[in-house]
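Structure file my_file.cif with mmCIF, C-alpha atoms:
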data_model
#
loop_
_atom_site.label_atom_id
_atom_site.label_comp_id
_atom_site.auth_asym_id
_atom_site.auth_seq_id
_atom_site.Cartn_x
_atom_site.Cartn_y
_atom_site.Cartn_z
CA MET G 1 10.10 -124.78 75.67
CA ALA G 2 7.94 -127.77 76.41
CA SER G 3 7.93 -129.17 79.92
CA GLY G 4 8.43 -132.77 78.78
CA ALA G 5 11.68 -133.03 76.82
CA LEU G 6 11.52 -134.78 73.46
CA ALA G 7 13.95 -137.59 72.71
CA LYS G 8 16.98 -136.48 70.74
CA PRO G 9 16.38 -137.38 67.11
CA GLN G 10 18.78 -139.50 65.08
CA MET G 11 21.49 -137.15 63.94
CA ARG G 12 23.97 -139.36 62.19
CA GLY G 13 24.17 -142.39 60.01
CA LEU G 14 20.85 -141.64 58.29
CA LEU G 15 22.05 -142.61 54.84
CA ALA G 16 23.74 -145.73 56.17
CA LYS G 17 20.56 -146.78 57.90
CA ARG G 18 18.49 -146.20 54.78
CA LEU G 19 20.96 -148.04 52.60
CA ARG G 20 21.07 -151.03 54.93
CA PHE G 21 17.31 -151.22 55.00
CA HIS G 22 16.96 -151.02 51.26
CA ILE G 23 19.85 -153.29 50.40
CA VAL G 24 18.55 -156.01 52.68
CA GLY G 25 15.05 -155.52 51.33
CA ALA G 26 16.16 -155.57 47.72
CA PHE G 27 18.16 -158.71 48.31
CA ILE G 28 15.21 -160.47 49.90
CA VAL G 29 12.85 -159.37 47.12
CA ALA G 30 15.26 -160.45 44.42
CA VAL G 31 15.88 -163.85 45.96
CA GLY G 32 12.18 -164.25 46.60
CA VAL G 33 11.26 -163.49 43.01
CA ALA G 34 13.95 -165.86 41.75
CA CYS G 35 12.69 -168.67 43.97
CA ALA G 36 9.09 -168.03 42.98
CA TYR G 37 10.03 -168.17 39.31
CA LYS G 38 12.11 -171.32 39.73
CA PHE G 39 9.37 -173.10 41.57
CA GLY G 40 6.32 -171.71 39.85
CA VAL G 41 7.51 -171.55 36.26
CA ALA G 42 10.71 -173.48 35.60
CA GLU G 43 10.04 -176.60 37.65
CA GLN G 44 6.40 -176.70 36.55
CA ARG G 45 7.44 -176.60 32.94
CA LYS G 46 10.06 -179.31 33.39
CA LYS G 47 7.50 -181.51 35.10
CA ALA G 48 4.94 -180.92 32.36
CA TYR G 49 7.42 -181.90 29.67
CA ALA G 50 8.60 -184.96 31.61
CA ASP G 51 5.01 -186.11 32.12
CA PHE G 52 4.18 -185.61 28.49
CA TYR G 53 7.12 -187.51 27.13
CA ARG G 54 7.15 -190.33 29.70
CA ASN G 55 4.67 -192.48 27.81
CA TYR G 56 4.76 -190.72 24.49
CA ASP G 57 4.40 -192.81 21.38
CA SER G 58 5.39 -190.69 18.41
CA MET G 59 4.15 -193.18 15.81
CA LYS G 60 0.74 -193.36 17.42
CA ASP G 61 0.66 -189.56 17.50
CA PHE G 62 1.61 -189.43 13.84
CA GLU G 63 -1.11 -191.95 12.88
CA GLU G 64 -3.73 -189.89 14.67
CA MET G 65 -2.66 -186.78 12.82
CA ARG G 66 -2.58 -188.63 9.51
CA ARG G 67 -6.08 -189.97 10.01
CA ALA G 68 -7.30 -186.49 10.84
CA GLY G 69 -6.16 -185.51 7.36
CA ILE G 70 -3.89 -182.57 8.07
CA PHE G 71 -0.89 -183.72 6.04
CA GLN G 72 -0.28 -182.75 2.45
CA SER G 73 2.40 -185.38 1.82
CA THR G 74 0.33 -188.40 2.80
CA LYS G 75 -3.22 -189.50 3.33
CA MET U 1 22.84 -111.21 34.90
CA LEU U 2 22.83 -113.44 31.88
CA ALA U 3 19.16 -114.16 32.45
CA THR U 4 18.11 -110.54 32.34
CA ARG U 5 20.11 -109.89 29.19
CA ALA U 6 18.69 -112.98 27.55
CA LEU U 7 15.18 -111.98 28.52
CA SER U 8 15.49 -108.51 27.07
CA LEU U 9 16.38 -110.16 23.76
CA ILE U 10 13.11 -112.13 23.78
CA GLY U 11 10.94 -109.10 23.72
CA LYS U 12 7.96 -108.06 25.75
CA ARG U 13 5.36 -110.35 24.06
CA ALA U 14 6.95 -113.54 25.32
CA ILE U 15 7.18 -112.46 28.92
CA SER U 16 4.52 -113.44 31.46
CA THR U 17 3.04 -111.13 34.01
CA SER U 18 5.44 -111.92 36.80
CA VAL U 19 8.42 -111.45 34.58
CA CYS U 20 7.26 -107.97 33.73
CA VAL U 21 9.37 -107.39 36.79
CA ARG U 22 12.47 -107.64 34.71
CA ALA U 23 11.36 -105.80 31.61
CA HIS U 24 9.45 -103.05 33.28
CA GLY U 25 11.24 -102.72 36.58
CA SER U 26 8.65 -100.18 37.64
CA VAL U 27 6.23 -102.82 38.88
CA VAL U 28 8.44 -104.49 41.47
CA LYS U 29 11.80 -103.20 42.47
CA SER U 30 13.68 -106.30 43.59
CA GLU U 31 14.06 -109.40 41.43
CA ASP U 32 13.53 -112.48 43.50
CA TYR U 33 16.23 -114.85 42.29
CA ALA U 34 15.07 -117.41 44.83
CA LEU U 35 11.95 -118.02 42.73
CA PRO U 36 11.94 -120.05 39.48
CA ALA U 37 12.95 -118.04 36.44
CA TYR U 38 11.07 -117.67 33.18
CA VAL U 39 12.61 -119.42 30.19
CA ASP U 40 11.42 -119.05 26.63
CA ARG U 41 12.37 -122.42 25.14
CA ARG U 42 10.47 -124.85 22.95
CA ASP U 43 11.72 -127.81 24.96
CA TYR U 44 10.56 -126.24 28.22
CA PRO U 45 7.07 -125.11 27.41
CA LEU U 46 5.67 -124.50 30.87
CA PRO U 47 8.18 -122.66 33.05
CA ASP U 48 7.74 -122.89 36.80
CA VAL U 49 6.89 -119.21 37.19
CA ALA U 50 3.89 -118.43 39.30
CA HIS U 51 1.21 -117.42 36.86
CA VAL U 52 0.12 -114.23 38.54
CA LYS U 53 2.46 -112.40 40.86
CA HIS U 54 0.13 -109.86 42.33
CA LEU U 55 -2.84 -111.74 43.69
CA SER U 56 -6.18 -110.08 43.96
CA ALA U 57 -7.95 -110.03 47.32
CA SER U 58 -10.10 -113.10 46.61
CA GLN U 59 -7.08 -114.99 45.31
CA LYS U 60 -5.09 -114.14 48.42
CA ALA U 61 -7.95 -115.36 50.54
CA LEU U 62 -7.97 -118.61 48.55
CA LYS U 63 -4.25 -119.06 49.09
CA GLU U 64 -4.79 -118.67 52.83
CA LYS U 65 -7.53 -121.28 52.71
CA GLU U 66 -5.22 -123.62 50.80
CA LYS U 67 -2.80 -123.60 53.71
CA ALA U 68 -5.45 -125.11 55.96
CA ASP U 69 -6.84 -128.64 55.60
CA TRP U 70 -7.95 -129.10 52.01
CA GLY U 71 -10.97 -131.11 53.11
CA SER U 72 -12.44 -127.87 54.31
CA LEU U 73 -12.41 -126.32 50.84
CA SER U 74 -15.73 -126.20 49.08
CA ARG U 75 -16.53 -128.48 46.12
CA ASP U 76 -15.93 -125.78 43.56
CA GLU U 77 -12.38 -125.32 44.72
CA LYS U 78 -11.60 -129.01 44.24
CA TRP U 79 -10.60 -130.71 41.03
CA LYS U 80 -13.59 -132.95 40.60
CA THR U 81 -14.98 -130.86 37.77
CA VAL U 82 -11.76 -131.46 35.87
CA VAL U 83 -12.15 -135.22 36.21
CA GLY U 84 -15.81 -134.91 35.23
CA VAL U 85 -15.04 -132.97 32.10
CA ALA U 86 -12.26 -135.39 31.19
CA MET U 87 -14.62 -138.35 31.49
CA PHE U 88 -17.23 -136.52 29.42
CA PHE U 89 -14.76 -136.10 26.61
CA ILE U 90 -13.66 -139.71 26.87
CA GLY U 91 -17.29 -140.72 26.52
CA PHE U 92 -17.63 -138.46 23.53
CA THR U 93 -14.57 -140.14 22.00
CA GLY U 94 -16.35 -143.44 22.51
CA LEU U 95 -19.22 -142.17 20.39
CA ILE U 96 -16.80 -141.10 17.69
CA LEU U 97 -15.27 -144.59 17.69
CA ILE U 98 -18.69 -146.20 17.30
CA TRP U 99 -19.47 -143.96 14.34
CA GLU U 100 -16.07 -144.83 12.88
CA LYS U 101 -16.76 -148.58 13.10
CA LEU U 102 -20.11 -148.15 11.39
CA TYR U 103 -19.26 -145.70 8.64
CA VAL U 104 -15.54 -145.67 8.01
CA TYR U 105 -14.12 -149.18 8.39
CA GLY U 106 -14.72 -151.84 5.76
CA PRO U 107 -15.80 -155.41 6.58
CA ILE U 108 -13.47 -157.69 8.55
CA PRO U 109 -11.88 -160.67 6.77
CA HIS U 110 -13.96 -163.83 6.26
CA THR U 111 -11.52 -165.77 8.42
CA PHE U 112 -13.26 -164.29 11.46
CA ASP U 113 -16.59 -166.00 10.72
CA GLU U 114 -17.67 -168.42 13.41
CA GLU U 115 -17.67 -171.35 10.98
CA TRP U 116 -14.20 -170.60 9.80
CA VAL U 117 -12.87 -170.20 13.35
CA ALA U 118 -14.45 -173.54 14.29
CA MET U 119 -12.76 -175.25 11.32
CA GLN U 120 -9.52 -173.51 12.22
CA THR U 121 -9.70 -174.66 15.86
CA LYS U 122 -10.40 -178.24 14.79
CA ARG U 123 -7.39 -178.19 12.50
CA MET U 124 -5.17 -176.81 15.26
CA LEU U 125 -6.29 -179.61 17.58
CA ASP U 126 -5.75 -182.22 14.86
CA MET U 127 -2.23 -180.93 14.40
CA LYS U 128 -1.76 -181.07 18.18
CA SER U 129 -0.31 -177.58 18.33
CA ASN U 130 1.33 -176.90 21.71
CA PRO U 131 0.30 -180.19 23.28
CA ILE U 132 2.31 -179.84 26.49
CA GLN U 133 1.37 -176.54 28.09
CA GLY U 134 -0.47 -174.61 25.37
CA PHE U 135 -3.47 -174.90 23.11
CA SER U 136 -3.89 -178.66 22.62
CA ALA U 137 -2.92 -179.34 26.23
CA LYS U 138 -6.33 -177.96 27.20
CA TRP U 139 -8.25 -180.37 24.97
CA ASP U 140 -9.30 -183.79 26.19
CA TYR U 141 -8.68 -186.09 23.22
CA ASP U 142 -10.44 -189.07 24.78
CA LYS U 143 -13.69 -187.33 25.56
CA ASN U 144 -13.49 -184.96 22.60
CA GLU U 145 -14.12 -181.84 24.62
CA TRP U 146 -12.23 -179.07 26.39
CA LYS U 147 -10.69 -180.10 29.69
CA LYS U 148 -12.53 -178.84 32.73
#

Would you mind writing the structure in this file as structure tokens?
Amino acid sequence: MASGALAKPQMRGLLAKRLRFHIVGAFIVAVGVACAYKFGVAEQRKKAYADFYRNYDSMKDFEEMRRAGIFQSTK
Amino acid sequence: MLATRALSLIGKRAISTSVCVRAHGSVVKSEDYALPAYVDRRDYPLPDVAHVKHLSASQKALKEKEKADWGSLSRDEKWKTVVGVAMFFIGFTGLILIWEKLYVYGPIPHTFDEEWVAMQTKRMLDMKSNPIQGFSAKWDYDKNEWKK
């Protein structure tokens, strides 16, 4: 046919190759998403709560709310 | 075998042009079982049968053109008109919705007035709703304004 011979194409192990590629990829994506969530959402939230409650004075908070007049049980 | 018997039960009205093959037999001699079959079922409304079996000359020419690069087809043969018509009708629907808002729907509740919403927001801030990551977290209580 052609004067320059083409390389012999991959004949075997096509499914195995595809599976390996996709399994590795899926694993990386899954771990990546989990890490992103842990860092971006979970740890951020924990930090926000810790910062809020570090110097939180609940009585002061209550007095502010009471003075603002939102309670029905007390003025 | 079963297909042809089932089809003859359906009757001639339900059969499309290409399936006249089976009912009439005189049009085309051999039944091409390699091609998708016609089914007359409510849960399969658009069977995969080619709409017209015997193409006219211009249609055949079009099919030949289709085999080449589609960029070379003229504008008419592309689907842009379909998109255009679809967008026209979507726009028309927009007009219908405007009319509906003006003439059909009653007034919205008074709790949507700007004054009311302002009072509502103030009360939410006074109550310190969601002070950590949510609503009140975005308000600066010292400067009495929204955080930048």

Please write as a tab-separated table (two decimals) with C-alpha atoms, in the coordinates of the input the full residue list that the PyMOL selection byres ((chain U) within 10 of (chain G)) yields on this file.
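Saved as part.tsv:
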chain	number	residue	atom	x	y	z
U	122	LYS	CA	-10.40	-178.24	14.79
U	123	ARG	CA	-7.39	-178.19	12.50
U	124	MET	CA	-5.17	-176.81	15.26
U	125	LEU	CA	-6.29	-179.61	17.58
U	126	ASP	CA	-5.75	-182.22	14.86
U	127	MET	CA	-2.23	-180.93	14.40
U	128	LYS	CA	-1.76	-181.07	18.18
U	131	PRO	CA	0.30	-180.19	23.28
U	132	ILE	CA	2.31	-179.84	26.49
U	133	GLN	CA	1.37	-176.54	28.09
U	137	ALA	CA	-2.92	-179.34	26.23

Here CA of Val49 in chain U and CA of Phe89 in chain U stand apart by 29.4 Å

Kindly compute an axis-aligned box around the listed atoms of range 32-44 of chain G, allowing 4 Å on each side, and express its centre and edge lengths in Å to one decimal as AutoDock Vina command-line options.
--center_x 10.1 --center_y -170.1 --center_z 41.1 --size_x 15.6 --size_y 21.2 --size_z 19.0

Spatial sel., origin (8.1, -116.3, 40.2), limit 6 Å, all atoms listed in the file, listed as a VMD selection string: chain U and resid 35 to 36 49 to 50

How many Å separate CA of Val33 in chain G from CA of Leu19 in chain G? 20.6 Å
